[in-house]
$ cat run.txt   # compact mmCIF, C-alpha atoms and all ligand atoms
# COMPACT_ATOMS: atom_id res chain seq x y z
CA MET A 1 60.50 102.61 113.62
CA ASP A 2 60.63 99.99 116.37
CA PHE A 3 64.12 99.85 117.91
CA ARG A 4 63.51 96.69 119.91
CA LEU A 5 64.94 93.38 118.79
CA THR A 6 62.38 91.16 117.12
CA PRO A 7 61.44 88.11 119.28
CA GLU A 8 63.40 85.90 116.82
CA ALA A 9 66.48 88.15 117.09
CA GLN A 10 66.19 88.17 120.91
CA GLU A 11 66.09 84.38 120.94
CA PHE A 12 69.04 84.28 118.54
CA TYR A 13 70.93 86.74 120.79
CA ASP A 14 70.64 84.33 123.72
CA GLU A 15 71.96 81.49 121.51
CA VAL A 16 74.84 83.67 120.26
CA CYS A 17 75.85 84.65 123.82
CA ALA A 18 75.87 81.00 124.90
CA PHE A 19 77.97 80.12 121.84
CA PHE A 20 80.57 82.82 122.56
CA ASP A 21 80.68 81.78 126.25
CA GLU A 22 81.46 78.23 125.15
CA HIS A 23 83.89 78.79 122.27
CA LEU A 24 85.68 82.09 122.85
CA ASP A 25 88.19 81.32 125.58
CA ALA A 26 90.82 83.58 127.16
CA GLU A 27 93.56 81.81 125.19
CA THR A 28 91.95 82.75 121.85
CA ILE A 29 91.69 86.41 122.92
CA ALA A 30 95.30 86.40 124.19
CA ARG A 31 96.50 84.86 120.88
CA GLU A 32 94.65 87.53 118.93
CA GLU A 33 96.20 90.27 121.07
CA ARG A 34 99.63 88.77 120.42
CA THR A 35 99.33 88.13 116.65
CA GLY A 36 96.68 90.62 115.47
CA ASP A 37 95.68 87.98 112.89
CA GLY A 38 91.99 88.84 112.91
CA PHE A 39 91.23 85.16 112.43
CA ASP A 40 91.10 82.05 114.57
CA ARG A 41 90.67 78.82 112.61
CA ALA A 42 89.15 76.80 115.50
CA PHE A 43 86.62 79.53 116.36
CA HIS A 44 85.75 79.97 112.67
CA GLU A 45 85.16 76.24 112.26
CA ALA A 46 82.96 76.15 115.37
CA LEU A 47 81.01 79.08 113.94
CA ALA A 48 80.65 77.23 110.63
CA GLU A 49 79.44 74.10 112.39
CA ARG A 50 76.59 76.14 113.84
CA GLY A 51 75.79 77.43 110.35
CA TRP A 52 76.72 81.01 111.28
CA VAL A 53 79.58 81.78 108.89
CA ALA A 54 76.96 82.56 106.25
CA ALA A 55 73.89 82.57 108.49
CA ASP A 56 71.89 84.87 106.17
CA TRP A 57 72.40 82.72 103.06
CA PRO A 58 69.77 80.46 101.52
CA LYS A 59 69.74 76.94 102.94
CA LYS A 60 70.86 75.46 99.58
CA PHE A 61 74.24 77.22 100.03
CA GLY A 62 74.64 76.17 103.67
CA GLY A 63 72.97 79.18 105.32
CA GLN A 64 70.05 79.56 107.72
CA GLU A 65 68.21 82.46 106.06
CA ARG A 66 68.69 84.68 109.12
CA ASP A 67 67.33 88.22 108.68
CA ALA A 68 69.18 91.55 109.00
CA HIS A 69 68.26 91.93 112.71
CA GLU A 70 69.73 88.54 113.57
CA MET A 71 72.89 89.23 111.55
CA TYR A 72 73.32 92.51 113.45
CA VAL A 73 73.09 90.65 116.76
CA LEU A 74 75.86 88.26 115.68
CA ASP A 75 78.07 91.03 114.32
CA GLN A 76 77.73 93.13 117.47
CA GLU A 77 78.68 90.23 119.70
CA PHE A 78 81.94 89.78 117.76
CA LEU A 79 82.77 93.43 118.44
CA ARG A 80 81.64 93.47 122.09
CA ARG A 81 83.74 90.42 122.92
CA GLY A 82 86.84 91.54 120.97
CA CYS A 83 86.65 88.29 119.01
CA PRO A 84 88.92 87.93 115.92
CA ARG A 85 86.60 88.67 113.01
CA ASN A 86 88.28 90.50 110.08
CA THR A 87 88.57 87.43 107.90
CA SER A 88 85.05 86.24 108.69
CA VAL A 89 83.79 89.65 107.55
CA THR A 90 85.84 89.74 104.31
CA THR A 91 84.94 86.13 103.47
CA GLY A 92 81.22 86.84 103.99
CA LEU A 93 81.47 89.93 101.83
CA VAL A 94 83.09 88.07 98.93
CA GLY A 95 80.62 85.20 99.30
CA ASN A 96 77.72 87.65 99.12
CA THR A 97 79.25 89.26 96.02
CA LEU A 98 79.60 85.84 94.37
CA ARG A 99 75.96 85.12 95.13
CA VAL A 100 75.05 88.19 93.05
CA VAL A 101 77.61 88.11 90.22
CA GLY A 102 79.31 84.68 90.38
CA THR A 103 79.07 82.02 87.67
CA GLU A 104 77.21 78.78 88.35
CA ARG A 105 80.55 76.99 88.73
CA GLN A 106 81.82 79.57 91.25
CA LYS A 107 78.61 79.26 93.26
CA ARG A 108 78.72 75.48 93.15
CA GLU A 109 82.43 75.08 93.97
CA LEU A 110 83.05 77.99 96.33
CA LEU A 111 79.92 78.92 98.29
CA PRO A 112 79.56 75.59 100.16
CA GLY A 113 83.27 75.77 101.08
CA ILE A 114 82.79 79.29 102.47
CA ALA A 115 79.69 78.34 104.47
CA SER A 116 81.41 75.27 105.91
CA GLY A 117 84.41 77.35 107.05
CA ARG A 118 86.91 75.60 104.73
CA ILE A 119 87.49 78.60 102.44
CA VAL A 120 88.47 82.04 103.71
CA ILE A 121 89.11 85.09 101.52
CA SER A 122 90.89 88.47 101.81
CA LEU A 123 90.18 91.72 99.97
CA GLY A 124 92.89 92.86 97.55
CA TYR A 125 91.62 96.28 96.50
CA SER A 126 94.07 98.88 97.87
CA GLU A 127 97.47 99.61 96.39
CA PRO A 128 100.23 101.99 97.50
CA GLN A 129 98.86 104.61 95.04
CA ALA A 130 95.19 103.60 95.05
CA GLY A 131 93.27 103.58 98.33
CA SER A 132 90.30 105.96 98.46
CA ASP A 133 90.66 106.23 94.69
CA VAL A 134 90.56 102.45 94.34
CA ALA A 135 89.69 102.56 90.62
CA ALA A 136 93.23 103.82 89.98
CA ALA A 137 94.54 100.25 90.62
CA GLN A 138 97.62 99.38 88.54
CA THR A 139 98.12 95.66 89.28
CA ARG A 140 98.07 94.14 85.81
CA ALA A 141 96.08 91.19 84.44
CA ARG A 142 96.99 89.82 80.98
CA ARG A 143 95.16 86.99 79.28
CA GLU A 144 97.28 83.97 78.27
CA GLY A 145 95.02 81.30 76.73
CA ASP A 146 92.71 79.89 79.40
CA HIS A 147 94.69 81.62 82.17
CA TRP A 148 95.45 85.15 83.30
CA ARG A 149 98.85 86.41 84.33
CA ILE A 150 98.81 88.79 87.32
CA ASP A 151 101.71 91.14 88.14
CA GLY A 152 101.71 93.88 90.74
CA GLN A 153 101.47 94.81 94.38
CA LYS A 154 98.64 95.38 96.83
CA MET A 155 98.72 97.21 100.15
CA PHE A 156 96.73 96.42 103.33
CA THR A 157 95.68 92.91 102.22
CA THR A 158 94.44 91.98 105.68
CA GLY A 159 94.47 88.23 106.36
CA ALA A 160 96.45 87.40 103.18
CA HIS A 161 98.92 85.28 105.17
CA LEU A 162 96.08 82.96 106.29
CA THR A 163 93.42 83.01 103.62
CA ASP A 164 92.88 80.75 100.59
CA TYR A 165 92.05 83.42 98.01
CA ILE A 166 92.55 87.13 97.41
CA PHE A 167 89.57 88.91 95.87
CA LEU A 168 91.72 91.01 93.56
CA LEU A 169 91.02 94.16 91.56
CA ALA A 170 93.33 94.29 88.54
CA ARG A 171 93.84 96.38 85.41
CA SER A 172 93.15 94.35 82.28
CA ASP A 173 93.13 97.31 79.85
CA ALA A 174 95.01 100.55 80.42
CA SER A 175 93.86 102.27 77.24
CA GLY A 176 90.51 103.71 78.39
CA GLY A 177 89.03 105.53 81.40
CA LYS A 178 90.24 104.32 84.77
CA ARG A 179 86.99 102.49 85.64
CA ASP A 180 86.71 100.83 82.21
CA GLY A 181 89.67 98.44 82.09
CA LEU A 182 89.35 96.70 85.48
CA THR A 183 88.69 92.99 86.06
CA MET A 184 88.15 91.07 89.33
CA PHE A 185 89.70 87.71 90.18
CA LEU A 186 89.93 85.20 92.97
CA VAL A 187 93.66 84.54 93.24
CA PRO A 188 94.58 81.30 95.06
CA THR A 189 97.23 82.14 97.68
CA ASP A 190 99.05 78.86 97.06
CA SER A 191 99.92 80.05 93.52
CA GLU A 192 103.55 80.35 92.52
CA GLY A 193 104.59 84.02 92.50
CA PHE A 194 102.28 85.07 95.36
CA GLU A 195 103.78 86.44 98.56
CA ALA A 196 102.40 88.19 101.65
CA GLN A 197 104.58 90.33 103.91
CA ALA A 198 103.51 91.46 107.37
CA VAL A 199 102.57 95.08 108.08
CA PRO A 200 102.00 95.64 111.81
CA THR A 201 99.62 98.48 112.70
CA LEU A 202 99.24 100.84 115.64
CA GLY A 203 96.00 99.11 116.60
CA GLY A 204 97.77 95.76 116.95
CA GLU A 205 96.14 94.37 113.82
CA ARG A 206 98.42 92.59 111.35
CA THR A 207 97.78 93.51 107.75
CA ASN A 208 99.96 92.73 104.70
CA LEU A 209 101.66 93.87 101.58
CA SER A 210 100.85 91.28 98.91
CA PHE A 211 102.96 90.68 95.80
CA TYR A 212 101.99 89.04 92.50
CA SER A 213 104.85 88.05 90.16
CA GLY A 214 103.58 86.23 87.09
CA VAL A 215 100.80 84.55 89.11
CA ARG A 216 98.67 82.32 86.87
CA VAL A 217 94.92 82.35 87.55
CA PRO A 218 92.51 80.13 85.59
CA ASP A 219 89.75 81.99 83.77
CA TRP A 220 87.01 80.28 85.78
CA LEU A 221 88.23 82.30 88.80
CA ARG A 222 87.56 85.59 87.02
CA VAL A 223 84.59 87.27 88.73
CA GLY A 224 82.30 89.20 86.40
CA GLU A 225 83.01 90.29 82.84
CA VAL A 226 86.43 91.02 81.37
CA ASP A 227 86.91 94.81 81.89
CA GLY A 228 83.69 94.74 83.96
CA GLY A 229 85.47 94.79 87.34
CA TRP A 230 84.03 98.13 88.36
CA ASP A 231 80.50 96.68 88.20
CA VAL A 232 81.63 93.90 90.56
CA MET A 233 83.31 96.45 92.87
CA LYS A 234 80.07 98.45 93.04
CA VAL A 235 78.27 95.36 94.36
CA ALA A 236 81.08 94.55 96.82
CA LEU A 237 81.39 98.13 98.12
CA SER A 238 77.62 98.47 98.57
CA LEU A 239 77.72 95.39 100.83
CA GLU A 240 80.28 97.13 103.10
CA GLN A 241 77.85 99.97 103.79
CA GLY A 242 76.36 100.17 107.25
CA VAL A 243 79.41 99.01 109.22
CA GLY A 244 79.47 100.52 112.67
CA PHE A 245 81.50 100.25 115.84
CA SER A 246 78.94 100.79 118.61
CA GLY A 247 79.79 97.32 119.97
CA SER A 248 83.40 98.47 120.50
CA ALA A 249 82.12 101.72 122.08
CA GLU A 250 80.06 99.70 124.58
CA THR A 251 83.10 97.66 125.54
CA LEU A 252 85.26 100.79 125.85
CA HIS A 253 82.64 102.31 128.17
CA ARG A 254 82.37 99.15 130.28
CA ARG A 255 86.14 98.89 130.73
CA ALA A 256 86.51 102.61 131.57
CA LEU A 257 83.72 102.29 134.14
CA GLU A 258 85.51 99.29 135.61
CA TRP A 259 88.68 101.40 135.90
CA ALA A 260 86.79 104.24 137.65
CA GLU A 261 85.26 101.81 140.17
CA ARG A 262 88.59 100.14 140.95
CA ALA A 263 90.43 103.45 141.15
CA GLY A 264 87.74 104.87 143.49
CA ARG A 265 87.07 107.76 141.07
CA LEU A 266 83.34 107.32 140.46
CA ASP A 267 82.45 110.36 142.57
CA ASP A 268 84.62 112.68 140.51
CA PRO A 269 82.27 114.82 138.37
CA LEU A 270 84.84 115.07 135.55
CA VAL A 271 85.14 111.28 135.40
CA ARG A 272 81.35 110.90 135.45
CA GLU A 273 80.97 113.40 132.64
CA ARG A 274 83.42 111.54 130.36
CA LEU A 275 81.84 108.19 131.12
CA ALA A 276 78.38 109.60 130.42
CA ARG A 277 79.49 111.06 127.08
CA THR A 278 80.94 107.70 126.02
CA ALA A 279 77.73 105.88 126.99
CA LEU A 280 75.70 108.45 125.07
CA ASN A 281 77.81 108.09 121.92
CA ALA A 282 77.58 104.29 122.11
CA GLU A 283 73.80 104.60 122.29
CA VAL A 284 73.54 107.08 119.40
CA GLY A 285 75.81 104.82 117.30
CA LYS A 286 73.63 101.83 118.08
CA LEU A 287 70.47 103.69 117.06
CA LEU A 288 72.06 104.75 113.75
CA GLU A 289 73.11 101.14 113.12
CA GLN A 290 69.67 99.82 114.03
CA ARG A 291 68.08 102.23 111.59
CA ALA A 292 70.33 100.90 108.80
CA VAL A 293 69.54 97.31 109.83
CA TRP A 294 65.81 98.06 109.88
CA MET A 295 66.00 99.64 106.41
CA THR A 296 67.83 96.58 105.08
CA ALA A 297 65.27 94.25 106.68
CA GLU A 298 62.41 96.30 105.15
CA GLY A 299 64.09 96.30 101.73
CA ARG A 300 64.29 100.11 101.74
CA PRO A 301 67.06 101.66 99.62
CA MET A 302 69.87 103.09 101.76
CA ARG A 303 71.38 106.38 100.73
CA ALA A 304 73.41 108.16 103.41
CA GLU A 305 72.38 105.95 106.34
CA GLY A 306 75.27 103.45 105.95
CA PRO A 307 78.03 106.10 105.70
CA MET A 308 76.43 107.92 108.67
CA CYS A 309 76.89 104.80 110.85
CA LYS A 310 80.51 104.39 109.79
CA LEU A 311 81.36 108.08 110.18
CA PHE A 312 79.66 108.67 113.52
CA THR A 313 80.72 105.48 115.29
CA SER A 314 84.39 105.62 114.19
CA GLU A 315 84.86 109.34 114.93
CA ALA A 316 83.08 109.04 118.29
CA LEU A 317 85.23 106.03 119.21
CA ILE A 318 88.41 107.97 118.45
CA GLU A 319 87.25 110.99 120.46
CA ASP A 320 85.99 108.97 123.43
CA ALA A 321 89.01 106.67 123.64
CA GLY A 322 91.31 109.72 123.60
CA SER A 323 89.27 111.50 126.25
CA LEU A 324 89.16 108.41 128.50
CA LEU A 325 92.89 107.84 128.09
CA ASP A 326 93.49 111.43 129.29
CA MET A 327 91.18 110.71 132.23
CA LEU A 328 93.29 107.71 133.25
CA GLY A 329 96.43 109.84 133.41
CA PRO A 330 99.54 107.90 134.50
CA ASP A 331 97.39 104.81 135.13
CA ALA A 332 97.25 104.36 131.34
CA LEU A 333 100.95 103.48 131.40
CA GLU A 334 100.65 101.05 134.30
CA SER A 335 101.55 97.52 133.32
CA GLY A 336 102.50 96.10 136.70
CA GLY A 337 99.40 93.95 137.22
CA GLY A 338 97.84 96.31 139.79
CA PRO A 339 94.07 96.32 140.47
CA THR A 340 93.33 98.91 137.78
CA SER A 341 95.75 97.72 135.12
CA PRO A 342 93.58 95.29 133.06
CA ALA A 343 90.87 97.92 132.58
CA ALA A 344 93.43 100.69 131.98
CA ALA A 345 95.22 98.52 129.39
CA ALA A 346 91.90 97.97 127.60
CA VAL A 347 91.30 101.74 127.34
CA GLU A 348 94.86 102.25 126.09
CA PHE A 349 94.29 99.51 123.48
CA PHE A 350 91.04 101.14 122.28
CA GLN A 351 92.81 104.46 121.79
CA ARG A 352 95.14 102.76 119.27
CA TYR A 353 92.53 100.44 117.73
CA ALA A 354 90.07 103.31 117.15
CA GLN A 355 92.37 105.13 114.68
CA GLY A 356 92.02 102.47 111.96
CA THR A 357 88.21 102.46 112.14
CA ALA A 358 88.16 105.86 110.40
CA ILE A 359 90.37 104.54 107.57
CA TYR A 360 89.38 101.05 106.43
CA ALA A 361 86.10 100.44 104.56
CA GLY A 362 86.35 104.08 103.45
CA THR A 363 87.89 107.05 105.28
CA SER A 364 85.84 109.68 107.12
CA GLU A 365 86.36 112.19 104.29
CA ILE A 366 84.94 109.69 101.80
CA MET A 367 81.98 108.99 104.14
CA ARG A 368 81.30 112.75 104.35
CA SER A 369 81.35 112.97 100.56
CA LEU A 370 78.90 110.07 100.29
CA ILE A 371 76.54 111.68 102.81
CA ALA A 372 76.73 114.97 100.90
CA GLU A 373 76.17 113.33 97.51
CA GLN A 374 73.74 110.50 98.30
CA GLY A 375 71.92 112.04 101.25
CA LEU A 376 71.87 115.77 100.48
CA GLY A 377 72.02 115.59 96.69
CA LEU A 378 75.07 117.88 96.53
CA PRO A 379 77.33 117.73 93.45
CA ARG A 380 80.14 115.16 93.35
CA SER A 381 83.36 116.65 94.72
CA ARG A 382 85.82 113.95 93.63
CA SER A 383 87.33 113.66 90.19
CA GLY A 384 87.30 110.48 88.07
C1 LIG B 401 94.18 98.42 109.38
C2 LIG B 401 93.78 98.52 107.93
C3 LIG B 401 93.25 97.41 107.30
C4 LIG B 401 92.91 97.48 105.93
N1 LIG B 401 92.46 96.35 105.30
C5 LIG B 401 92.27 96.37 103.95
C6 LIG B 401 91.96 95.17 103.23
O1 LIG B 401 91.82 94.10 103.81
N2 LIG B 401 91.89 95.23 101.86
C7 LIG B 401 92.05 96.39 101.16
O2 LIG B 401 91.96 96.39 99.94
N3 LIG B 401 92.32 97.56 101.83
C8 LIG B 401 92.44 97.57 103.19
N4 LIG B 401 92.76 98.74 103.86
C9 LIG B 401 93.01 99.95 103.07
C10 LIG B 401 91.97 101.03 103.27
O3 LIG B 401 90.78 100.73 102.61
C11 LIG B 401 92.65 102.32 102.75
O4 LIG B 401 93.69 102.64 103.65
C12 LIG B 401 91.67 103.46 102.66
O5 LIG B 401 90.76 103.26 101.62
C13 LIG B 401 92.42 104.81 102.44
O6 LIG B 401 93.31 104.71 101.39
P1 LIG B 401 94.83 105.21 101.54
O7 LIG B 401 95.38 104.60 102.78
O8 LIG B 401 95.51 104.95 100.25
O9 LIG B 401 94.72 106.76 101.80
P2 LIG B 401 94.42 107.87 100.69
O10 LIG B 401 93.27 107.45 99.84
O11 LIG B 401 95.69 108.23 100.01
O12 LIG B 401 93.93 109.06 101.61
C14 LIG B 401 94.85 109.90 102.34
C15 LIG B 401 94.02 111.01 102.99
O13 LIG B 401 93.38 111.79 101.96
C16 LIG B 401 91.97 111.80 102.14
N5 LIG B 401 91.31 111.76 100.84
C17 LIG B 401 91.56 110.90 99.82
N6 LIG B 401 90.72 111.14 98.79
C18 LIG B 401 89.92 112.16 99.18
C19 LIG B 401 88.85 112.86 98.56
N7 LIG B 401 88.43 112.57 97.33
N8 LIG B 401 88.24 113.85 99.25
C20 LIG B 401 88.65 114.17 100.50
N9 LIG B 401 89.67 113.56 101.13
C21 LIG B 401 90.29 112.56 100.49
C22 LIG B 401 91.66 110.55 102.94
O14 LIG B 401 90.44 110.67 103.66
C23 LIG B 401 92.88 110.46 103.85
O15 LIG B 401 92.71 111.29 104.96
C24 LIG B 401 93.08 98.70 105.22
C25 LIG B 401 93.58 99.82 105.89
C26 LIG B 401 93.94 99.75 107.22
C27 LIG B 401 94.50 100.97 107.90
$ encode --input "run.txt" --output "structure tokens"
Amino acid sequence: MDFRLTPEAQEFYDEVCAFFDEHLDAETIAREERTGDGFDRAFHEALAERGWVAADWPKKFGGQERDAHEMYVLDQEFLRRGCPRNTSVTTGLVGNTLRVVGTERQKRELLPGIASGRIVISLGYSEPQAGSDVAAAQTRARREGDHWRIDGQKMFTTGAHLTDYIFLLARSDASGGKRDGLTMFLVPTDSEGFEAQAVPTLGGERTNLSFYSGVRVPDWLRVGEVDGGWDVMKVALSLEQGVGFSGSAETLHRRALEWAERAGRLDDPLVRERLARTALNAEVGKLLEQRAVWMTAEGRPMRAEGPMCKLFTSEALIEDAGSLLDMLGPDALESGGGPTSPAAAAVEFFQRYAQGTAIYAGTSEIMRSLIAEQGLGLPRSRSG
């Protein structure tokens, strides 16, 4: 395969860099560091104005029909710059799912709002007792005429305090197998009975507990068939495949190098070795990601390639951030505004941020199982 950017993607990359230079200011980054919101309304609206919230969508839905290479360029720049992006990612994912399984009304009323930046959406899959085993969800959905009544609790509903809808997995029938009685909904967050409570995380990201007490959802906001929620989840989960963190690894390496230069430690062979290993892992991660992007662009079916990106880049980020933090020694605790402190603080931040990358969008153990099953053809190890 050809690992170079296509000429179109290279041109797009230059446009994307200029856009980030113009719209991502230090204040936005500082606000994100303070709140961990993963979303900045003004930046999101500027992105929408350029047509890049749903840049890969057909023009009739407000997109620009950008290909997989161009989408990778945009995604990587978000990571490299540390730009708030969680809610952009979840919104895009739900929009893409609606494009596949949504009704005509949902496409007509929701997709233009997503592409124009007016509508943002969180994922409400996980529950206190259903994370990796997401099909064990217990949040209940009961039909009442032309509405549904939702009761229950979700865990880790990132962005729920800011978004317009929760893309919710609920149990509509508890009498059969656990994947049989599930139904998906878009729950408006301004509904009576909905509440989001903050959950701060080690990585600085704010996520939420979300509560549903007799929330009424009109039937037109049901996504997919009644009791057919698992089919919708399969589409949504397949779209999450191929996430990688090589952009974060590049930034970690750059900041650690900056520290070594300022601290006068570049001649130290132990420092050089750790920096080299981080650069190497960032490069390997990027190549794995580019392979997945290339396969998507070529329309080739992905088997283990997506989970390989997620597994390698998250585990390498955790290992490298830990190793670089050790290298910094007491400098990692320095917060007095000395010459090395901004770079040292960045490395310290990455050590915390990295931990979550091996959990959300599927843990490392689940990625290993997928590689074993889909890539190596080994028997399924999980029950249910
Ligand atoms: C910062 C953050 C943001 C998140 N954002 C969202 C969000 O927006 N929406 C949402 O719905 N969810 C979100 N999640 C939830 C995330 O998807 C789950 O945390 C994840 O799926 C793991 O589920 P769990 O936490 O219940 O752990 P569990 O599934 O209970 O796993 C506990 C441990 O057991 C291991 N394990 C579990 N099952 C198996 C198995 N079959 N084989 C081998 N090992 C196994 C896991 O790998 C893990 O090490 C977020 C999580 C975090 C940390």
$ closest_atom_pairs --input "run.txt" --of "chain A" --to "ligand LIG 401 (chain B)" --cutoff "8 Å" --atoms "only C-alpha atoms and all ligand atoms" --output "tab-separated table"
residue	atom	partner	partner_atom	distance
A:Thr90	CA	B:LIG401	O1	7.4
A:Ser122	CA	B:LIG401	O1	6.0
A:Leu123	CA	B:LIG401	N2	4.3
A:Gly124	CA	B:LIG401	O2	4.4
A:Tyr125	CA	B:LIG401	O2	3.5
A:Ser126	CA	B:LIG401	O2	3.9
A:Glu127	CA	B:LIG401	O8	6.9
A:Pro128	CA	B:LIG401	O8	6.2
A:Gln129	CA	B:LIG401	O8	6.2
A:Ala130	CA	B:LIG401	O8	5.4
A:Gly131	CA	B:LIG401	O8	3.3
A:Ser132	CA	B:LIG401	O10	3.6
A:Asp133	CA	B:LIG401	O10	5.9
A:Val134	CA	B:LIG401	O5	7.3
A:Lys154	CA	B:LIG401	O2	7.4
A:Met155	CA	B:LIG401	N3	6.6
A:Phe156	CA	B:LIG401	C8	4.4
A:Thr157	CA	B:LIG401	O1	4.3
A:Thr158	CA	B:LIG401	O1	3.9
A:Gly159	CA	B:LIG401	O1	6.9
A:Thr201	CA	B:LIG401	C1	6.4
A:Gly203	CA	B:LIG401	C1	7.5
A:Glu205	CA	B:LIG401	C1	6.3
A:Arg206	CA	B:LIG401	C1	7.5
A:Thr207	CA	B:LIG401	C3	6.0
A:Gly356	CA	B:LIG401	C27	5.0
A:Thr357	CA	B:LIG401	C1	7.7
A:Ile359	CA	B:LIG401	C12	5.2
A:Tyr360	CA	B:LIG401	O3	4.1
A:Ala361	CA	B:LIG401	O3	5.1
A:Gly362	CA	B:LIG401	O5	4.8
A:Thr363	CA	B:LIG401	O14	4.7
A:Ser364	CA	B:LIG401	O14	5.8
A:Glu365	CA	B:LIG401	O14	4.4
A:Ile366	CA	B:LIG401	O14	5.9
A:Ser369	CA	B:LIG401	N8	7.1
A:Ser381	CA	B:LIG401	N7	7.0
A:Arg382	CA	B:LIG401	N7	4.7
A:Ser383	CA	B:LIG401	N7	7.3
$ residues_around --input "run.txt" --residues "region 173-176 of chain A" --least-positions-apart "2" --cutoff "9 Å" --atoms "only C-alpha atoms" --output "ChimeraX atom specification"
/A:138,140-142,171,178-183,227
$ residues_near_point --input "run.txt" --point "(87.9, 104.3, 126.9)" --cutoff "6 Å" --atoms "all atoms listed in the file" --output "list in words"
Leu252, His253, Ala256, Ala321, Leu324 and Val347 of chain A
$ write_last_selection --input "run.txt" --atoms "C-alpha atoms" --output "CSV table (one decimal), in the coordinates of the input"
chain,number,residue,atom,x,y,z
A,252,LEU,CA,85.3,100.8,125.8
A,253,HIS,CA,82.6,102.3,128.2
A,256,ALA,CA,86.5,102.6,131.6
A,321,ALA,CA,89.0,106.7,123.6
A,324,LEU,CA,89.2,108.4,128.5
A,347,VAL,CA,91.3,101.7,127.3
$ closest_atom_pairs --input "run.txt" --of "region 52-133 of chain A" --to "region 22-35 of chain A" --cutoff "9 Å" --atoms "all atoms listed in the file" --output "CSV"
residue,atom,partner,partner_atom,distance
A:Arg81,CA,A:Leu24,CA,8.6
A:Gly82,CA,A:Ile29,CA,7.3
A:Cys83,CA,A:Ile29,CA,6.7
A:Pro84,CA,A:Glu32,CA,6.5
$ residues_around --input "run.txt" --residues "region 9-17 of chain A" --least-positions-apart "2" --cutoff "12 Å" --atoms "all atoms listed in the file" --output "JSON list (two decimals) with C-alpha atoms, in the frame of the given file"
[["chain", "number", "residue", "atom", "x", "y", "z"],
["A", 3, "PHE", "CA", 64.12, 99.85, 117.91],
["A", 4, "ARG", "CA", 63.51, 96.69, 119.91],
["A", 5, "LEU", "CA", 64.94, 93.38, 118.79],
["A", 6, "THR", "CA", 62.38, 91.16, 117.12],
["A", 7, "PRO", "CA", 61.44, 88.11, 119.28],
["A", 19, "PHE", "CA", 77.97, 80.12, 121.84],
["A", 20, "PHE", "CA", 80.57, 82.82, 122.56],
["A", 21, "ASP", "CA", 80.68, 81.78, 126.25],
["A", 22, "GLU", "CA", 81.46, 78.23, 125.15],
["A", 23, "HIS", "CA", 83.89, 78.79, 122.27],
["A", 24, "LEU", "CA", 85.68, 82.09, 122.85],
["A", 47, "LEU", "CA", 81.01, 79.08, 113.94],
["A", 50, "ARG", "CA", 76.59, 76.14, 113.84],
["A", 51, "GLY", "CA", 75.79, 77.43, 110.35],
["A", 52, "TRP", "CA", 76.72, 81.01, 111.28],
["A", 55, "ALA", "CA", 73.89, 82.57, 108.49],
["A", 64, "GLN", "CA", 70.05, 79.56, 107.72],
["A", 66, "ARG", "CA", 68.69, 84.68, 109.12],
["A", 67, "ASP", "CA", 67.33, 88.22, 108.68],
["A", 68, "ALA", "CA", 69.18, 91.55, 109.00],
["A", 69, "HIS", "CA", 68.26, 91.93, 112.71],
["A", 70, "GLU", "CA", 69.73, 88.54, 113.57],
["A", 71, "MET", "CA", 72.89, 89.23, 111.55],
["A", 72, "TYR", "CA", 73.32, 92.51, 113.45],
["A", 73, "VAL", "CA", 73.09, 90.65, 116.76],
["A", 74, "LEU", "CA", 75.86, 88.26, 115.68],
["A", 75, "ASP", "CA", 78.07, 91.03, 114.32],
["A", 76, "GLN", "CA", 77.73, 93.13, 117.47],
["A", 77, "GLU", "CA", 78.68, 90.23, 119.70],
["A", 78, "PHE", "CA", 81.94, 89.78, 117.76],
["A", 80, "ARG", "CA", 81.64, 93.47, 122.09],
["A", 81, "ARG", "CA", 83.74, 90.42, 122.92]]
$ closest_residue --input "run.txt" --among "A:Met295, A:Ala276, A:Val199, A:Ala358" --to "Leu311 (chain A)" --atoms "only C-alpha atoms"
A:Ala358
$ atom_distance --input "run.txt" --atom1 "CA of Ile114 (chain A)" --atom2 "CA of Val94 (chain A)"
9.5 Å
$ closest_residue --input "run.txt" --among "A:Leu325, A:Val53, A:Leu111, A:Leu93" --to "Leu237 (chain A)" --atoms "all atoms listed in the file"
A:Leu93
$ atom_distance --input "run.txt" --atom1 "CA of Gly322 (chain A)" --atom2 "CA of Glu348 (chain A)"
8.6 Å
